[in-house]
Amino acid sequence: MLFKQQALLRQKLFVLGSLAIGSLLYLVARVGSLDRLQPLCPIDGRFGPRGQEEIPLRALQFKRGLLHEFRKGNATKEQIRLHNLVQQLPKAIIIGVRKGGTRALLEMLNLHPAVVKASQEIHFFDNDENYAKGIEWYRKKMPFSYPHQITIEKSPAYFITEEVPERIYKMNSSIKLLIIVREPTTRAISDYTQVLEGKERKNKTYYKFEKLAIDPNTCEVNTKYKAVRTSIYTKHLERWLKYFPIEQFHIVDGDRLITEPLPELQLVEKFLNLPPRISQYNLYFNATRGFYCLRFNIVFNKCLAGSKGRIHPEVDTSVITKLRRFFHPFNQKFYQITGRTFNWP
Ligand code: A3P
């Protein structure tokens, strides 16, 4: 009899235990790792009115699910009003540099519960036609977010386009500007690889990198070649500094973002006055891709598209040396201005 009662008790305990574990797993999957770790998200006063600095847990759930629907335009006006969602102008912009890792940076920052990314490159400030549509047009391109969240957009063409600094300044003179850079020669080759792939897709032929990067008449670096010009970071930055103080910029090491993303992201969190929420859990190395991928929670993770992380063509070593020598003095100036030194050759 006693034995039977004990067996029954054990059975009940087993069922209750399984139910508890099941519910826990369900909650983890639903709410997401970030949300589970830190449901409260105080943000610096600059990003939201004081006293309302906590992002409700629901906000985080929406970020993963419903916000997406809102973004796709599937929400009714009533739902938007009910949830107090707004389309906010960006508080920070990733202004470049093309092929520096701008997409990876945006997607990784979007892991933060207080950040909402504008998925598409909007090209508001660099495209005259878009700019003529006015700031309201730009705002309407932004994703829905809670008032305490910050919107971030990225359009790498901003960094190199003459008119952009003044235009952004006119919108918000205290905006935070992110620039992600890679070793300039690698960046130029990456830039070339993207264009080359575009040509190949259209069954067109294209010049070799060496032919574009080196002027055949002088045998010197061809400074007319856009991929070379874009990598002279200091020249572009100097134009921006006519409008914004250096403190408003944060330089991200794009090479380190590839190999060791977390410390780079933590520096950005600090710069944006966001509480540290992105953790190693959110980033896992995918050996097949050869890159870090993103883990939002135990059910949702993603890697960047295949267009990120292309195999570069082999480039003649003498051309690489020539380019590195060419970029060297500009790099030194860049380190000096930004206060961030890189081990670029
Ligand atoms: P490559 O294609 O030359 O490797 P952008 O988004 O500005 O176009 O930059 C693309 C670059 O982002 C890629 O250049 C790639 O090296 C880099 N990158 C950084 N982190 C990445 C990641 N986690 N997954 C894929 N690419 C990443």
# chains A, B, ... in the order shown; residues from 1 in each chain; ligands from 1
>>> closest_atom_pairs(of="chain A", to="ligand 1", cutoff="8 Å", atoms="only C-alpha atoms and all ligand atoms", output="JSON lines")
{"residue": "A:Gly96", "atom": "CA", "partner": "ligand 1", "partner_atom_place_in_ligand_line": "7 (O)", "distance": 7.1}
{"residue": "A:Val97", "atom": "CA", "partner": "ligand 1", "partner_atom_place_in_ligand_line": "7 (O)", "distance": 6.3}
{"residue": "A:Arg98", "atom": "CA", "partner": "ligand 1", "partner_atom_place_in_ligand_line": "7 (O)", "distance": 4.5}
{"residue": "A:Lys99", "atom": "CA", "partner": "ligand 1", "partner_atom_place_in_ligand_line": "7 (O)", "distance": 3.4}
{"residue": "A:Gly100", "atom": "CA", "partner": "ligand 1", "partner_atom_place_in_ligand_line": "7 (O)", "distance": 4.3}
{"residue": "A:Gly101", "atom": "CA", "partner": "ligand 1", "partner_atom_place_in_ligand_line": "9 (O)", "distance": 3.3}
{"residue": "A:Thr102", "atom": "CA", "partner": "ligand 1", "partner_atom_place_in_ligand_line": "7 (O)", "distance": 3.7}
{"residue": "A:Arg103", "atom": "CA", "partner": "ligand 1", "partner_atom_place_in_ligand_line": "6 (O)", "distance": 3.7}
{"residue": "A:Ala104", "atom": "CA", "partner": "ligand 1", "partner_atom_place_in_ligand_line": "20 (N)", "distance": 4.9}
{"residue": "A:Leu105", "atom": "CA", "partner": "ligand 1", "partner_atom_place_in_ligand_line": "20 (N)", "distance": 7.2}
{"residue": "A:Pro156", "atom": "CA", "partner": "ligand 1", "partner_atom_place_in_ligand_line": "7 (O)", "distance": 7.0}
{"residue": "A:Ile180", "atom": "CA", "partner": "ligand 1", "partner_atom_place_in_ligand_line": "7 (O)", "distance": 8.0}
{"residue": "A:Thr186", "atom": "CA", "partner": "ligand 1", "partner_atom_place_in_ligand_line": "3 (O)", "distance": 7.4}
{"residue": "A:Arg187", "atom": "CA", "partner": "ligand 1", "partner_atom_place_in_ligand_line": "3 (O)", "distance": 6.8}
{"residue": "A:Ile189", "atom": "CA", "partner": "ligand 1", "partner_atom_place_in_ligand_line": "3 (O)", "distance": 7.3}
{"residue": "A:Ser190", "atom": "CA", "partner": "ligand 1", "partner_atom_place_in_ligand_line": "3 (O)", "distance": 4.0}
{"residue": "A:Asp191", "atom": "CA", "partner": "ligand 1", "partner_atom_place_in_ligand_line": "3 (O)", "distance": 7.1}
{"residue": "A:Thr193", "atom": "CA", "partner": "ligand 1", "partner_atom_place_in_ligand_line": "3 (O)", "distance": 7.3}
{"residue": "A:Gln194", "atom": "CA", "partner": "ligand 1", "partner_atom_place_in_ligand_line": "2 (O)", "distance": 7.4}
{"residue": "A:Gly254", "atom": "CA", "partner": "ligand 1", "partner_atom_place_in_ligand_line": "19 (C)", "distance": 6.4}
{"residue": "A:Asp255", "atom": "CA", "partner": "ligand 1", "partner_atom_place_in_ligand_line": "19 (C)", "distance": 7.2}
{"residue": "A:Leu257", "atom": "CA", "partner": "ligand 1", "partner_atom_place_in_ligand_line": "20 (N)", "distance": 5.7}
{"residue": "A:Ile258", "atom": "CA", "partner": "ligand 1", "partner_atom_place_in_ligand_line": "20 (N)", "distance": 4.2}
{"residue": "A:Thr259", "atom": "CA", "partner": "ligand 1", "partner_atom_place_in_ligand_line": "20 (N)", "distance": 7.8}
{"residue": "A:Pro261", "atom": "CA", "partner": "ligand 1", "partner_atom_place_in_ligand_line": "20 (N)", "distance": 7.7}
{"residue": "A:Arg289", "atom": "CA", "partner": "ligand 1", "partner_atom_place_in_ligand_line": "24 (N)", "distance": 7.7}
{"residue": "A:Gly290", "atom": "CA", "partner": "ligand 1", "partner_atom_place_in_ligand_line": "24 (N)", "distance": 7.8}
{"residue": "A:Phe291", "atom": "CA", "partner": "ligand 1", "partner_atom_place_in_ligand_line": "23 (N)", "distance": 4.8}
{"residue": "A:Tyr292", "atom": "CA", "partner": "ligand 1", "partner_atom_place_in_ligand_line": "23 (N)", "distance": 4.3}
{"residue": "A:Cys293", "atom": "CA", "partner": "ligand 1", "partner_atom_place_in_ligand_line": "23 (N)", "distance": 5.4}
{"residue": "A:Leu294", "atom": "CA", "partner": "ligand 1", "partner_atom_place_in_ligand_line": "23 (N)", "distance": 7.8}
{"residue": "A:Cys303", "atom": "CA", "partner": "ligand 1", "partner_atom_place_in_ligand_line": "24 (N)", "distance": 6.5}
{"residue": "A:Leu304", "atom": "CA", "partner": "ligand 1", "partner_atom_place_in_ligand_line": "24 (N)", "distance": 5.1}
{"residue": "A:Ala305", "atom": "CA", "partner": "ligand 1", "partner_atom_place_in_ligand_line": "25 (C)", "distance": 7.2}
{"residue": "A:Gly306", "atom": "CA", "partner": "ligand 1", "partner_atom_place_in_ligand_line": "25 (C)", "distance": 7.6}
{"residue": "A:Ser307", "atom": "CA", "partner": "ligand 1", "partner_atom_place_in_ligand_line": "2 (O)", "distance": 6.4}
{"residue": "A:Lys308", "atom": "CA", "partner": "ligand 1", "partner_atom_place_in_ligand_line": "26 (N)", "distance": 4.3}
{"residue": "A:Gly309", "atom": "CA", "partner": "ligand 1", "partner_atom_place_in_ligand_line": "4 (O)", "distance": 3.2}
{"residue": "A:Arg310", "atom": "CA", "partner": "ligand 1", "partner_atom_place_in_ligand_line": "2 (O)", "distance": 4.0}
{"residue": "A:Ile311", "atom": "CA", "partner": "ligand 1", "partner_atom_place_in_ligand_line": "4 (O)", "distance": 6.6}
{"residue": "A:His312", "atom": "CA", "partner": "ligand 1", "partner_atom_place_in_ligand_line": "3 (O)", "distance": 6.7}
>>> residues_around(residues="region 133-137 of chain A", least_positions_apart="4", cutoff="12 Å", atoms="only C-alpha atoms", output="ChimeraX atom specification")
/A:87-90,122-125,127-129,141-142,167-168,170-172
>>> atom_distance(atom1="CA of Glu166 (chain A)", atom2="CA of Tyr243 (chain A)")
6.6 Å
>>> closest_residue(among="A:His112, A:Lys226, A:Lys208, A:Arg201", to="Ile278 (chain A)", atoms="only C-alpha atoms")
A:His112
>>> atom_distance(atom1="CA of Leu265 (chain A)", atom2="CA of Met108 (chain A)")
7.6 Å
>>> closest_residue(among="A:Tyr207, A:Gln120, A:Tyr335, A:Leu109", to="Ile150 (chain A)", atoms="only C-alpha atoms")
A:Leu109
>>> closest_residue(among="A:Leu272, A:Val315, A:Ala157, A:Val116", to="Ala213 (chain A)", atoms="only C-alpha atoms")
A:Val315
>>> residues_around(residues="region 322-333 of chain A", least_positions_apart="2", cutoff="7 Å", atoms="only C-alpha atoms", output="NGL selection string")
:A and (185 or 221 or 232 or 234 or 318-320 or 335-337 or 345)
>>> closest_residue(among="A:Leu178, A:Leu85, A:Asp126, A:Ile214", to="Glu269 (chain A)", atoms="only C-alpha atoms")
A:Leu178
>>> select_by_dssp(residues="region 34-282 of chain A", states="alpha helix (DSSP H)", output="number ranges by chain")
A: 34-37, 57-64, 66-71, 77-82, 102-109, 128-131, 135-140, 164-171, 184-201, 209-213, 226-230, 233-240, 254-259, 261-271
>>> residues_around(residues="Lys242 (chain A)", least_positions_apart="2", cutoff="12 Å", atoms="only C-alpha atoms", output="PDB file with C-alpha atoms, in the first residue's frame")
ATOM      1  CA  GLU A 162      29.372  66.310 -50.225  1.00  0.00           C
ATOM      2  CA  GLU A 163      25.978  67.728 -49.222  1.00  0.00           C
ATOM      3  CA  VAL A 164      25.124  65.252 -46.479  1.00  0.00           C
ATOM      4  CA  PRO A 165      26.834  66.705 -43.375  1.00  0.00           C
ATOM      5  CA  GLU A 166      25.061  70.047 -43.712  1.00  0.00           C
ATOM      6  CA  TYR A 169      23.130  69.034 -39.229  1.00  0.00           C
ATOM      7  CA  SER A 173      22.850  69.110 -34.822  1.00  0.00           C
ATOM      8  CA  LYS A 235      39.408  63.380 -46.322  1.00  0.00           C
ATOM      9  CA  HIS A 236      35.738  62.598 -45.884  1.00  0.00           C
ATOM     10  CA  LEU A 237      35.802  62.958 -42.128  1.00  0.00           C
ATOM     11  CA  GLU A 238      37.341  66.412 -42.412  1.00  0.00           C
ATOM     12  CA  ARG A 239      34.286  67.576 -44.359  1.00  0.00           C
ATOM     13  CA  TRP A 240      32.011  66.268 -41.596  1.00  0.00           C
ATOM     14  CA  PHE A 244      29.980  68.250 -36.095  1.00  0.00           C
ATOM     15  CA  PRO A 245      32.520  68.053 -33.271  1.00  0.00           C
ATOM     16  CA  ILE A 246      34.563  64.857 -33.123  1.00  0.00           C
TER      17      ILE A 246
END
>>> atom_distance(atom1="CA of Pro275 (chain A)", atom2="CA of Ala92 (chain A)")
15.6 Å
>>> select_by_dssp(residues="region 112-236 of chain A", states="strand (DSSP E or B)", output="VMD selection string")
chain A and resid 115 to 117 144 to 145 150 to 154 176 to 181 214 221
>>> write_last_selection(atoms="N, CA and C atoms", output="tab-separated table (two decimals), in the first residue's frame")
chain	number	residue	atom	x	y	z
A	115	VAL	N	16.89	49.48	-29.26
A	115	VAL	CA	17.23	49.96	-30.62
A	115	VAL	C	16.25	49.37	-31.63
A	116	VAL	N	15.78	50.21	-32.52
A	116	VAL	CA	14.95	49.72	-33.63
A	116	VAL	C	15.62	50.19	-34.93
A	117	LYS	N	15.89	49.25	-35.79
A	117	LYS	CA	16.61	49.60	-37.03
A	117	LYS	C	15.64	49.95	-38.15
A	144	PHE	N	8.13	51.66	-36.83
A	144	PHE	CA	7.41	52.01	-35.61
A	144	PHE	C	8.24	51.59	-34.41
A	145	SER	N	8.17	52.42	-33.38
A	145	SER	CA	8.92	52.09	-32.16
A	145	SER	C	8.20	52.71	-30.98
A	150	ILE	N	15.27	53.94	-29.53
A	150	ILE	CA	15.90	54.83	-30.50
A	150	ILE	C	15.94	54.14	-31.87
A	151	THR	N	15.73	54.96	-32.88
A	151	THR	CA	15.78	54.45	-34.25
A	151	THR	C	17.18	54.69	-34.80
A	152	ILE	N	17.68	53.69	-35.50
A	152	ILE	CA	18.98	53.86	-36.17
A	152	ILE	C	18.82	53.50	-37.64
A	153	GLU	N	19.35	54.32	-38.48
A	153	GLU	CA	19.36	53.96	-39.91
A	153	GLU	C	20.79	53.93	-40.41
A	154	LYS	N	21.00	53.26	-41.53
A	154	LYS	CA	22.33	53.26	-42.14
A	154	LYS	C	22.21	53.48	-43.63
A	176	LYS	N	24.00	61.46	-33.16
A	176	LYS	CA	25.23	60.67	-33.00
A	176	LYS	C	25.55	59.95	-34.31
A	177	LEU	N	26.82	59.98	-34.65
A	177	LEU	CA	27.22	59.46	-35.96
A	177	LEU	C	28.19	58.30	-35.81
A	178	LEU	N	27.85	57.19	-36.45
A	178	LEU	CA	28.70	56.00	-36.37
A	178	LEU	C	29.39	55.78	-37.71
A	179	ILE	N	30.69	55.55	-37.63
A	179	ILE	CA	31.45	55.24	-38.84
A	179	ILE	C	32.19	53.93	-38.60
A	180	ILE	N	31.93	52.96	-39.45
A	180	ILE	CA	32.63	51.68	-39.31
A	180	ILE	C	33.66	51.57	-40.44
A	181	VAL	N	34.89	51.36	-40.05
A	181	VAL	CA	35.98	51.33	-41.05
A	181	VAL	C	36.70	49.99	-41.02
A	214	ILE	N	45.44	51.18	-60.26
A	214	ILE	CA	46.73	51.78	-60.62
A	214	ILE	C	46.61	52.50	-61.96
A	221	VAL	N	49.02	55.11	-57.70
A	221	VAL	CA	47.64	54.79	-57.32
A	221	VAL	C	46.68	55.74	-58.03
>>> closest_residue(among="A:Tyr131, A:Phe334, A:Phe296, A:Tyr192", to="Leu212 (chain A)", atoms="only C-alpha atoms")
A:Tyr192
